[in-house]
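Peer 1: This structure is in C-alpha cells; I'll ask about it shortly.
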Amino acid sequence: MEYDEKLARFRQAHLNPFNKQPGPRQHEQGSGEEAPDVASEEAPPELPPEEPEFRCTERVMDLGLSEDHFSRPVLQQAIEECKQVILELPEQSEKQKDAVVRLIHLRLKLQELKDPNEDEPNIRVLLEHRFYKEKSKSVKQTCDKCNTLIWGLIQTWYTCTGCYYRCHSKCLNLISKPCVSSKVSHQAEYELSICPETGLDSQDYRCAECRAPISLRGVPSEARQCDYTGQYYCSHCHWNDLAVIPARVVHNWDFEPRKVSRCSMRYLALMVSRPVLRLREINPLLFTYVEELVEIRKLRQDILLMKPYFITCKEAMEARLLLQLQDRQHFVENDEMYSIQDLLDVHAGRLGCSLTETHTLFAKHIKLDCERCQAKGFVCELCREGDVLFPFDSHTSVCTDCSAVFHRDCYYDNSTTCPKCARLSLRKQSLFQEPGSDMDA
C-alpha cells in the first residue's frame with residue numbers, strides 16, 4: 001500500500017527529485033552568489049579532444065514511456081541504456097537529472113509489470129484439477145474464472161490437464177467447481193431428458209455454479225439457461241457457447257447446436273467419444289426412421305463375426321488389422337453401444353464410408369489373402385453346392401445353436417433341423433447310452 005501511495009503521489013505531482021524547494025538558508029544568500037552557480041552549470045566541463053561528446057537521443061530516453069504497449073524485455077533494455085546515459089552525462093547537469101527521472105519512471109513501470117506469482121510451482125492440484133503452468137506467451141486465452149483476457153507476456157496462467165480449464169494464477173484460489181474429468185471417470189453418463197428446467201426459484205435465484213445473484217431481468221446479473229442441464233447461470237459461468245445436446249440427438253435426431261454453460265461444454269467435450277449410449281434400449285424406433293443406423297449396425301455385426309478369424313490368424317495379428325478401428329474400439333467389442341461422435345459421423349455420412357472400407361479390407365484378408373482363414377470357411381450341408389461360405393456373407397444364414405453357415409435360401413426352405421445340430425445330438429445320445437449298456441452287461 002505504501003508503494004502504491006508513493007507511486008500515485010509521484011505521478012500526480014510530476015516532480016523532479018532534483019528540483020528541491022529552496023531552504024531558508026538559500027533565501028538568505030544573495031543573488032550574487034547564485035550567478036556563479038548558474039554560470040557553472042551553463043558551462044559544462046570540456047571533454048578531452050579524443051573523446052566525442054555524448055548525445056542522448058530521444059529514442060533512447062522515451063523508450064517504454066511514450067507507448068502504451070510494452071513488455072518487460074523492452075523496459076529492461078531501456079533501463080540499461082538509461083543507466084549508461086546517466087554515467088556518461090556530466091555530473092549535476094540538467095540532462096543527467098532528466099535522465100535520472102526517466103530511469104525512475106522506467107523502473108516504476110517495470111515494477112507494475114512484475115508478476116508476484118512468477119515463482120509459483122509448475123503444478124497445482126485444486127478440487128481434483130491438475131493445473132500446469134503454461135509456457136506459451138504468444139497465444140491469447142480467456143480466463144474461465146474472471147472472464148478476462150490472459151496476457152501471456154506479462155501474466156502467469158495455468159491449464160487443467162483433465163478438463164482444460166484455464167485461469168490466471170491469481171484466480172486459482174477462487175475456483176469453486178471441481179474438475180469435470182473426475183465425473184467422467186467415475187460416472188460417465190448423459191442427461192437424457194430434453195432441457196430439464198426446474199425454474200429459478202429452485203435455485204434460490206442464484207447461479208447454479210458460483211451462486212451469484214441472477215434474474216431474468218438482468219439485475220444484478222443476467223440469467224442464462226443451459227440447454228443441457230436446464231439450469232440457469234450468470235454471465236461469468238455461461239458464455240453462450242454452442243454444443244450438440246445428446247438428449248435431442250437420441251430422441252429427435254436433432255443435431256442443432258444450442259447454448260450451454262462452460263461447465264456443461266467441458267463435460268460434453270470430454271464425453272463426445274465415450275460409447276455410453278445404448279440406442280436400442282433408449283429409443284428403438286430410431287433404427288426405423290434412420291436408415292444409416294441400420295447399415296452401421298449390420299457392418300458392426302459383420303466385424304464382430306470377423307474378429308475370431310483375426311484372433312487366431314498369425315498374419316492378421318502381425319499386420320494388426322484390428323487396429324484399423326483403434327479410434328472406435330467399442331466396434332470390435334459389441335454392436336449396441338454408440339458415442340455422440342459416432343452419431344455425428346453417421347449424420348454427416350462419414351462413418352458409413354469409413355466402416356465400409358474397413359469391412360472390405362477385413363473380408364479381403366479372410367476370403368482372398370490368407371489361406372489359413374479360408375480353411376475356416378463352411379460348406380452348405382443342405383445343398384452341398386456353391387463356394388466356401390463365411391458367416392459375414394450377405395447371402396448366408398447362421399444357425400443360432402451351433403454357428404453353422406448355410407445358404408439363406410436353403411436354410412429357410414428346408415423344414416428339417418440343422419444337420420450339424422442333429423449330428424451333435426446323436427453323438428451326445430451315444431455317449432450317454434454307452435455307459436448304460438456296460439452296466440447291463
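Labels for the C-alpha cells follow display order: chains A, B, ..., residues from 1 in each chain, ligands from 1.
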With only C-alpha atoms as the counted atoms, please give the residues lying no more than 10 Å from region 248-258 of chain A, apart from itself and same-chain residues fewer than 4 positions off, as a list in words.

Peer 2: Leu192, Ser193, Ile194, Cys195, Cys226, Asp227, Tyr228, Asn240, Asp241, Leu242, Ala243, Val244, Leu277, Arg278, Leu279, Ile282, Asn283, Pro284, Leu285, Leu286, Tyr289, Val290, Ile340, Leu343, Leu344 and His347 of chain A

Peer 1: So that I have them on file, write out the residues from the current selection with N, CA, C and O atoms, as a short mmCIF file (atom, residue, chain, number, x, y, z; two decimals), in the first residue's frame.

Peer 2:
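What ended up in out-v1.cif:
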data_model
loop_
_atom_site.label_atom_id
_atom_site.label_comp_id
_atom_site.auth_asym_id
_atom_site.auth_seq_id
_atom_site.Cartn_x
_atom_site.Cartn_y
_atom_site.Cartn_z
N LEU A 192 -30.45 -37.47 -20.28
CA LEU A 192 -31.22 -37.82 -21.47
C LEU A 192 -32.62 -37.23 -21.46
O LEU A 192 -33.47 -37.63 -22.26
N SER A 193 -32.87 -36.27 -20.57
CA SER A 193 -34.12 -35.50 -20.61
C SER A 193 -33.84 -34.18 -21.33
O SER A 193 -32.82 -33.53 -21.07
N ILE A 194 -34.73 -33.81 -22.23
CA ILE A 194 -34.51 -32.61 -23.03
C ILE A 194 -34.75 -31.38 -22.18
O ILE A 194 -35.87 -31.12 -21.74
N CYS A 195 -33.69 -30.64 -21.92
CA CYS A 195 -33.71 -29.37 -21.17
C CYS A 195 -34.60 -29.49 -19.91
O CYS A 195 -35.67 -28.89 -19.84
N CYS A 226 -28.84 -23.09 -19.52
CA CYS A 226 -28.07 -24.13 -20.20
C CYS A 226 -29.04 -25.16 -20.75
O CYS A 226 -29.85 -25.74 -20.01
N ASP A 227 -28.99 -25.41 -22.05
CA ASP A 227 -29.94 -26.32 -22.68
C ASP A 227 -29.66 -27.78 -22.32
O ASP A 227 -30.53 -28.63 -22.50
N TYR A 228 -28.49 -28.08 -21.78
CA TYR A 228 -28.17 -29.46 -21.42
C TYR A 228 -28.69 -29.80 -20.02
O TYR A 228 -29.38 -30.80 -19.82
N ASN A 240 -22.51 -18.41 -23.52
CA ASN A 240 -23.30 -18.67 -24.74
C ASN A 240 -22.56 -19.56 -25.72
O ASN A 240 -22.68 -19.40 -26.95
N ASP A 241 -21.78 -20.52 -25.19
CA ASP A 241 -21.13 -21.50 -26.06
C ASP A 241 -22.17 -22.44 -26.65
O ASP A 241 -23.21 -22.72 -26.02
N LEU A 242 -21.88 -22.96 -27.83
CA LEU A 242 -22.82 -23.83 -28.54
C LEU A 242 -22.30 -25.27 -28.52
O LEU A 242 -21.11 -25.51 -28.71
N ALA A 243 -23.21 -26.21 -28.30
CA ALA A 243 -22.86 -27.63 -28.28
C ALA A 243 -24.07 -28.45 -28.70
O ALA A 243 -25.23 -28.03 -28.53
N VAL A 244 -23.80 -29.64 -29.24
CA VAL A 244 -24.86 -30.57 -29.61
C VAL A 244 -25.36 -31.25 -28.34
O VAL A 244 -24.57 -31.75 -27.53
N LEU A 277 -24.04 -44.78 -24.98
CA LEU A 277 -25.44 -44.75 -25.42
C LEU A 277 -25.83 -46.11 -25.99
O LEU A 277 -25.26 -46.58 -26.98
N ARG A 278 -26.81 -46.73 -25.34
CA ARG A 278 -27.37 -47.99 -25.83
C ARG A 278 -28.67 -47.65 -26.56
O ARG A 278 -29.76 -47.61 -25.99
N LEU A 279 -28.55 -47.41 -27.87
CA LEU A 279 -29.65 -46.82 -28.63
C LEU A 279 -30.88 -47.70 -28.68
O LEU A 279 -32.01 -47.22 -28.61
N ILE A 282 -32.72 -47.11 -25.45
CA ILE A 282 -33.19 -45.75 -25.21
C ILE A 282 -34.30 -45.38 -26.18
O ILE A 282 -35.35 -44.86 -25.79
N ASN A 283 -34.07 -45.63 -27.47
CA ASN A 283 -35.06 -45.28 -28.50
C ASN A 283 -35.00 -46.29 -29.64
O ASN A 283 -34.32 -46.09 -30.64
N PRO A 284 -35.68 -47.43 -29.51
CA PRO A 284 -35.61 -48.46 -30.56
C PRO A 284 -36.21 -48.01 -31.89
O PRO A 284 -35.86 -48.54 -32.95
N LEU A 285 -37.12 -47.04 -31.86
CA LEU A 285 -37.73 -46.57 -33.12
C LEU A 285 -36.75 -45.78 -33.98
O LEU A 285 -37.04 -45.52 -35.14
N LEU A 286 -35.61 -45.40 -33.40
CA LEU A 286 -34.64 -44.61 -34.17
C LEU A 286 -34.11 -45.41 -35.36
O LEU A 286 -33.83 -44.84 -36.42
N TYR A 289 -36.47 -45.12 -38.48
CA TYR A 289 -36.54 -43.86 -39.23
C TYR A 289 -35.19 -43.42 -39.79
O TYR A 289 -35.15 -42.56 -40.66
N VAL A 290 -34.09 -43.97 -39.27
CA VAL A 290 -32.75 -43.58 -39.74
C VAL A 290 -32.14 -44.81 -40.41
O VAL A 290 -31.68 -45.75 -39.73
N ILE A 340 -21.53 -40.12 -28.97
CA ILE A 340 -22.08 -38.96 -29.69
C ILE A 340 -21.26 -38.70 -30.96
O ILE A 340 -21.82 -38.30 -31.99
N LEU A 343 -22.60 -40.87 -33.69
CA LEU A 343 -23.86 -40.37 -34.26
C LEU A 343 -23.63 -39.12 -35.10
O LEU A 343 -24.30 -38.93 -36.12
N LEU A 344 -22.68 -38.28 -34.69
CA LEU A 344 -22.34 -37.11 -35.51
C LEU A 344 -21.79 -37.54 -36.86
O LEU A 344 -22.13 -36.96 -37.91
N HIS A 347 -24.58 -38.92 -39.04
CA HIS A 347 -25.39 -37.84 -39.61
C HIS A 347 -24.66 -37.14 -40.75
O HIS A 347 -25.30 -36.73 -41.73
#

Peer 1: Which parts of region 185-250 of chain A does DSSP call strand (DSSP E) when run on the backbone here, written out as a ChimeraX atom specification?

Peer 2: /A:224-225,232-233,241-243

Peer 1: Got a sec: who's within 12 Å of Thr417 (chain A), counting only C-alpha atoms, leaving out chain neighbours fewer than 6 positions off, as a PyMOL selection string?

Peer 2: chain A and resi 381-382+399-402+404+410-411+423-425

Peer 1: As an NGL selection string, please: all residues of region 196-373 of chain A that backbone DSSP puts in alpha helix (DSSP H).

Peer 2: :A and (246-252 or 262-271 or 279-282 or 286-289 or 291-311 or 314-319 or 340-348 or 350-364 or 371-373)

Peer 1: What does the file look like for those residues with C-alpha atoms, as a tab-separated table (two decimals), in the first residue's frame?

Peer 2:
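The resulting file, result_9.tsv, is shown below:
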chain	number	residue	atom	x	y	z
A	246	PRO	CA	-27.22	-35.70	-26.58
A	247	ALA	CA	-30.86	-35.92	-25.44
A	248	ARG	CA	-32.07	-34.12	-28.56
A	249	VAL	CA	-29.95	-36.38	-30.77
A	250	VAL	CA	-31.21	-39.62	-29.23
A	251	HIS	CA	-34.89	-38.70	-29.07
A	252	ASN	CA	-35.34	-36.33	-32.04
A	262	ARG	CA	-18.96	-23.52	-19.61
A	263	CYS	CA	-19.09	-26.49	-17.25
A	264	SER	CA	-21.52	-28.39	-19.50
A	265	MET	CA	-19.45	-27.60	-22.58
A	266	ARG	CA	-16.31	-29.07	-20.99
A	267	TYR	CA	-18.23	-32.15	-19.85
A	268	LEU	CA	-19.74	-32.73	-23.30
A	269	ALA	CA	-16.33	-32.25	-24.93
A	270	LEU	CA	-14.80	-34.94	-22.70
A	271	MET	CA	-17.74	-37.31	-23.24
A	279	LEU	CA	-29.65	-46.82	-28.63
A	280	ARG	CA	-31.87	-49.89	-28.95
A	281	GLU	CA	-32.87	-49.54	-25.31
A	282	ILE	CA	-33.19	-45.75	-25.21
A	286	LEU	CA	-34.64	-44.61	-34.17
A	287	PHE	CA	-33.47	-47.56	-36.31
A	288	THR	CA	-36.81	-47.49	-38.13
A	289	TYR	CA	-36.54	-43.86	-39.23
A	291	GLU	CA	-31.63	-45.99	-42.47
A	292	GLU	CA	-27.96	-45.22	-41.94
A	293	LEU	CA	-28.11	-46.68	-38.44
A	294	VAL	CA	-29.37	-49.99	-39.84
A	295	GLU	CA	-26.42	-50.16	-42.24
A	296	ILE	CA	-23.96	-49.31	-39.49
A	297	ARG	CA	-25.41	-51.99	-37.21
A	298	LYS	CA	-25.08	-54.64	-39.99
A	299	LEU	CA	-21.45	-53.67	-40.64
A	300	ARG	CA	-20.65	-53.82	-36.92
A	301	GLN	CA	-22.24	-57.27	-36.63
A	302	ASP	CA	-20.13	-58.50	-39.56
A	303	ILE	CA	-16.95	-57.12	-37.98
A	304	LEU	CA	-17.74	-59.00	-34.76
A	305	LEU	CA	-18.07	-62.20	-36.82
A	306	MET	CA	-14.67	-61.50	-38.44
A	307	LYS	CA	-12.94	-60.91	-35.11
A	308	PRO	CA	-12.43	-64.65	-34.24
A	309	TYR	CA	-10.65	-65.15	-37.57
A	310	PHE	CA	-8.14	-62.38	-36.80
A	311	ILE	CA	-7.51	-63.50	-33.22
A	314	LYS	CA	-0.86	-65.13	-37.13
A	315	GLU	CA	-0.67	-62.95	-40.24
A	316	ALA	CA	-3.60	-60.80	-39.11
A	317	MET	CA	-2.03	-60.31	-35.69
A	318	GLU	CA	1.28	-59.29	-37.25
A	319	ALA	CA	-0.50	-56.89	-39.62
A	340	ILE	CA	-22.08	-38.96	-29.69
A	341	GLN	CA	-19.14	-38.76	-32.10
A	342	ASP	CA	-20.42	-41.92	-33.82
A	343	LEU	CA	-23.86	-40.37	-34.26
A	344	LEU	CA	-22.34	-37.11	-35.51
A	345	ASP	CA	-20.36	-39.05	-38.12
A	346	VAL	CA	-23.44	-41.05	-39.11
A	347	HIS	CA	-25.39	-37.84	-39.61
A	348	ALA	CA	-22.56	-36.34	-41.69
A	350	ARG	CA	-18.55	-40.13	-42.74
A	351	LEU	CA	-18.96	-43.23	-40.57
A	352	GLY	CA	-20.71	-45.31	-43.22
A	353	CYS	CA	-17.94	-44.73	-45.78
A	354	SER	CA	-15.05	-45.41	-43.41
A	355	LEU	CA	-16.68	-48.50	-41.90
A	356	THR	CA	-17.43	-49.90	-45.36
A	357	GLU	CA	-13.76	-49.54	-46.33
A	358	THR	CA	-12.68	-51.33	-43.15
A	359	HIS	CA	-15.23	-54.10	-43.75
A	360	THR	CA	-13.93	-54.61	-47.30
A	361	LEU	CA	-10.32	-54.78	-46.06
A	362	PHE	CA	-11.17	-57.37	-43.41
A	363	ALA	CA	-13.19	-59.52	-45.83
A	364	LYS	CA	-10.41	-59.42	-48.42
A	371	GLU	CA	-5.16	-69.42	-46.74
A	372	ARG	CA	-5.42	-70.17	-43.04
A	373	CYS	CA	-8.58	-68.05	-42.75

Peer 1: Do you know which residues are at most 12 Å from Glu385 (chain A) counting only C-alpha atoms, after dropping those on the same chain fewer than 4 positions away, and could you put them as a list in words?

Peer 2: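 Neighbouring residues, sequence-local ones excluded: Phe378, Val379, Cys380, Glu381, Leu389, Phe406, His407 and Cys410 of chain A.
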
Peer 1: Work out how far apart CA of Ser169 (chain A) and CA of Trp157 (chain A) are and give it in Å to one decimal.

Peer 2: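 Here the two named atoms are 5.1 Å from each other.
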
Peer 1: Write out as a PyMOL selection string which residues come within 12 Å of Thr148 (chain A) when counting only C-alpha atoms, dropping same-chain ones fewer than 5 positions away.

Peer 2: chain A and resi 140-143+166-168+171+236+239

Peer 1: Go ahead and dump the residues you just picked, all heavy atoms, as an mmCIF file, in the first residue's frame.

Peer 2:
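Final output, saved to out.cif:
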data_model
loop_
_atom_site.group_PDB
_atom_site.id
_atom_site.type_symbol
_atom_site.label_atom_id
_atom_site.label_comp_id
_atom_site.auth_asym_id
_atom_site.auth_seq_id
_atom_site.Cartn_x
_atom_site.Cartn_y
_atom_site.Cartn_z
ATOM 1 N N LYS A 140 -3.358 -15.927 -27.171
ATOM 2 C CA LYS A 140 -4.335 -15.228 -26.336
ATOM 3 C C LYS A 140 -5.398 -16.210 -25.863
ATOM 4 O O LYS A 140 -5.968 -16.948 -26.649
ATOM 5 C CB LYS A 140 -4.994 -14.085 -27.118
ATOM 6 C CG LYS A 140 -4.143 -12.840 -27.215
ATOM 7 C CD LYS A 140 -4.936 -11.715 -27.843
ATOM 8 C CE LYS A 140 -4.118 -10.432 -27.917
ATOM 9 N NZ LYS A 140 -4.898 -9.322 -28.494
ATOM 10 N N GLN A 141 -5.635 -16.229 -24.561
ATOM 11 C CA GLN A 141 -6.658 -17.072 -23.969
ATOM 12 C C GLN A 141 -7.548 -16.219 -23.072
ATOM 13 O O GLN A 141 -7.216 -15.082 -22.752
ATOM 14 C CB GLN A 141 -6.022 -18.205 -23.157
ATOM 15 C CG GLN A 141 -5.112 -19.123 -23.946
ATOM 16 C CD GLN A 141 -5.866 -19.988 -24.935
ATOM 17 O OE1 GLN A 141 -7.088 -20.072 -24.894
ATOM 18 N NE2 GLN A 141 -5.147 -20.645 -25.832
ATOM 19 N N THR A 142 -8.658 -16.804 -22.651
ATOM 20 C CA THR A 142 -9.593 -16.129 -21.758
ATOM 21 C C THR A 142 -9.685 -16.908 -20.463
ATOM 22 O O THR A 142 -9.819 -18.137 -20.481
ATOM 23 C CB THR A 142 -10.982 -16.025 -22.399
ATOM 24 O OG1 THR A 142 -10.871 -15.350 -23.659
ATOM 25 C CG2 THR A 142 -11.930 -15.230 -21.501
ATOM 26 N N CYS A 143 -9.609 -16.213 -19.360
ATOM 27 C CA CYS A 143 -9.693 -16.840 -18.047
ATOM 28 C C CYS A 143 -11.114 -17.344 -17.825
ATOM 29 O O CYS A 143 -12.085 -16.588 -17.953
ATOM 30 C CB CYS A 143 -9.284 -15.858 -16.952
ATOM 31 S SG CYS A 143 -9.395 -16.522 -15.282
ATOM 32 N N ARG A 166 -8.831 -22.989 -17.947
ATOM 33 C CA ARG A 166 -7.734 -22.007 -17.994
ATOM 34 C C ARG A 166 -8.056 -20.842 -17.073
ATOM 35 O O ARG A 166 -9.202 -20.375 -17.045
ATOM 36 C CB ARG A 166 -7.521 -21.495 -19.416
ATOM 37 C CG ARG A 166 -7.172 -22.566 -20.431
ATOM 38 C CD ARG A 166 -6.928 -21.945 -21.795
ATOM 39 N NE ARG A 166 -6.627 -22.938 -22.799
ATOM 40 C CZ ARG A 166 -7.527 -23.539 -23.555
ATOM 41 N NH1 ARG A 166 -8.801 -23.229 -23.420
ATOM 42 N NH2 ARG A 166 -7.174 -24.432 -24.454
ATOM 43 N N CYS A 167 -7.044 -20.374 -16.352
ATOM 44 C CA CYS A 167 -7.273 -19.230 -15.470
ATOM 45 C C CYS A 167 -5.941 -18.583 -15.110
ATOM 46 O O CYS A 167 -4.874 -19.187 -15.261
ATOM 47 C CB CYS A 167 -8.014 -19.647 -14.199
ATOM 48 S SG CYS A 167 -7.074 -20.701 -13.111
ATOM 49 N N HIS A 168 -6.033 -17.332 -14.641
ATOM 50 C CA HIS A 168 -4.856 -16.645 -14.104
ATOM 51 C C HIS A 168 -4.374 -17.350 -12.840
ATOM 52 O O HIS A 168 -5.136 -18.042 -12.164
ATOM 53 C CB HIS A 168 -5.195 -15.182 -13.754
ATOM 54 C CG HIS A 168 -5.634 -14.364 -14.928
ATOM 55 N ND1 HIS A 168 -6.959 -14.116 -15.197
ATOM 56 C CD2 HIS A 168 -4.913 -13.729 -15.893
ATOM 57 C CE1 HIS A 168 -7.045 -13.355 -16.280
ATOM 58 N NE2 HIS A 168 -5.829 -13.117 -16.725
ATOM 59 N N CYS A 171 -6.391 -16.295 -9.906
ATOM 60 C CA CYS A 171 -7.770 -16.793 -9.818
ATOM 61 C C CYS A 171 -7.839 -18.244 -9.349
ATOM 62 O O CYS A 171 -8.948 -18.780 -9.197
ATOM 63 C CB CYS A 171 -8.464 -16.677 -11.169
ATOM 64 S SG CYS A 171 -8.624 -14.986 -11.786
ATOM 65 N N HIS A 236 -20.675 -14.968 -16.119
ATOM 66 C CA HIS A 236 -19.302 -15.439 -15.949
ATOM 67 C C HIS A 236 -19.202 -16.952 -16.117
ATOM 68 O O HIS A 236 -18.144 -17.451 -16.510
ATOM 69 C CB HIS A 236 -18.781 -15.040 -14.560
ATOM 70 C CG HIS A 236 -18.503 -13.574 -14.417
ATOM 71 N ND1 HIS A 236 -17.405 -12.959 -14.990
ATOM 72 C CD2 HIS A 236 -19.182 -12.596 -13.783
ATOM 73 C CE1 HIS A 236 -17.424 -11.667 -14.709
ATOM 74 N NE2 HIS A 236 -18.487 -11.420 -13.978
ATOM 75 N N TRP A 239 -21.113 -18.539 -21.192
ATOM 76 C CA TRP A 239 -20.603 -17.638 -22.237
ATOM 77 C C TRP A 239 -21.352 -17.805 -23.549
ATOM 78 O O TRP A 239 -20.842 -17.439 -24.601
ATOM 79 C CB TRP A 239 -19.117 -17.900 -22.472
ATOM 80 C CG TRP A 239 -18.251 -17.607 -21.289
ATOM 81 C CD1 TRP A 239 -18.630 -17.188 -20.050
ATOM 82 C CD2 TRP A 239 -16.824 -17.726 -21.242
ATOM 83 N NE1 TRP A 239 -17.545 -17.036 -19.235
ATOM 84 C CE2 TRP A 239 -16.420 -17.353 -19.936
ATOM 85 C CE3 TRP A 239 -15.848 -18.100 -22.155
ATOM 86 C CZ2 TRP A 239 -15.090 -17.356 -19.530
ATOM 87 C CZ3 TRP A 239 -14.516 -18.105 -21.762
ATOM 88 C CH2 TRP A 239 -14.140 -17.731 -20.466
#

Peer 1: Using only C-alpha atoms for the distances, tell me which of A:Ala188, A:Cys418, A:Cys179, A:Val219 is nearest to Val405 (chain A).

Peer 2: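 Checking each candidate against Val405 (chain A), we get A:Cys418 as the closest.
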
Peer 1: Show me, as a PyMOL selection string, the residues that have an atom within 7 Å of Ala223 (chain A) when counting only C-alpha atoms, minus same-chain residues fewer than 4 positions from it.

Peer 2: chain A and resi 214-216+218+232-234

Peer 1: If you measure from CA of Asp204 (chain A) to CA of Val260 (chain A), what distance in Å do you get, rounded to one decimal?

Peer 2: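 Between CA of Asp204 (chain A) and CA of Val260 (chain A) the gap is 20.2 Å.
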
Peer 1: Can you work out which one of A:Asp393, A:Asp98, A:Glu333, A:Asp327 has the shortest atom-to-atom distance to Arg274 (chain A), counting only C-alpha atoms?

Peer 2: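 Of A:Asp393, A:Asp98, A:Glu333, A:Asp327, the one nearest Arg274 (chain A), counting only C-alpha atoms, is A:Asp327.
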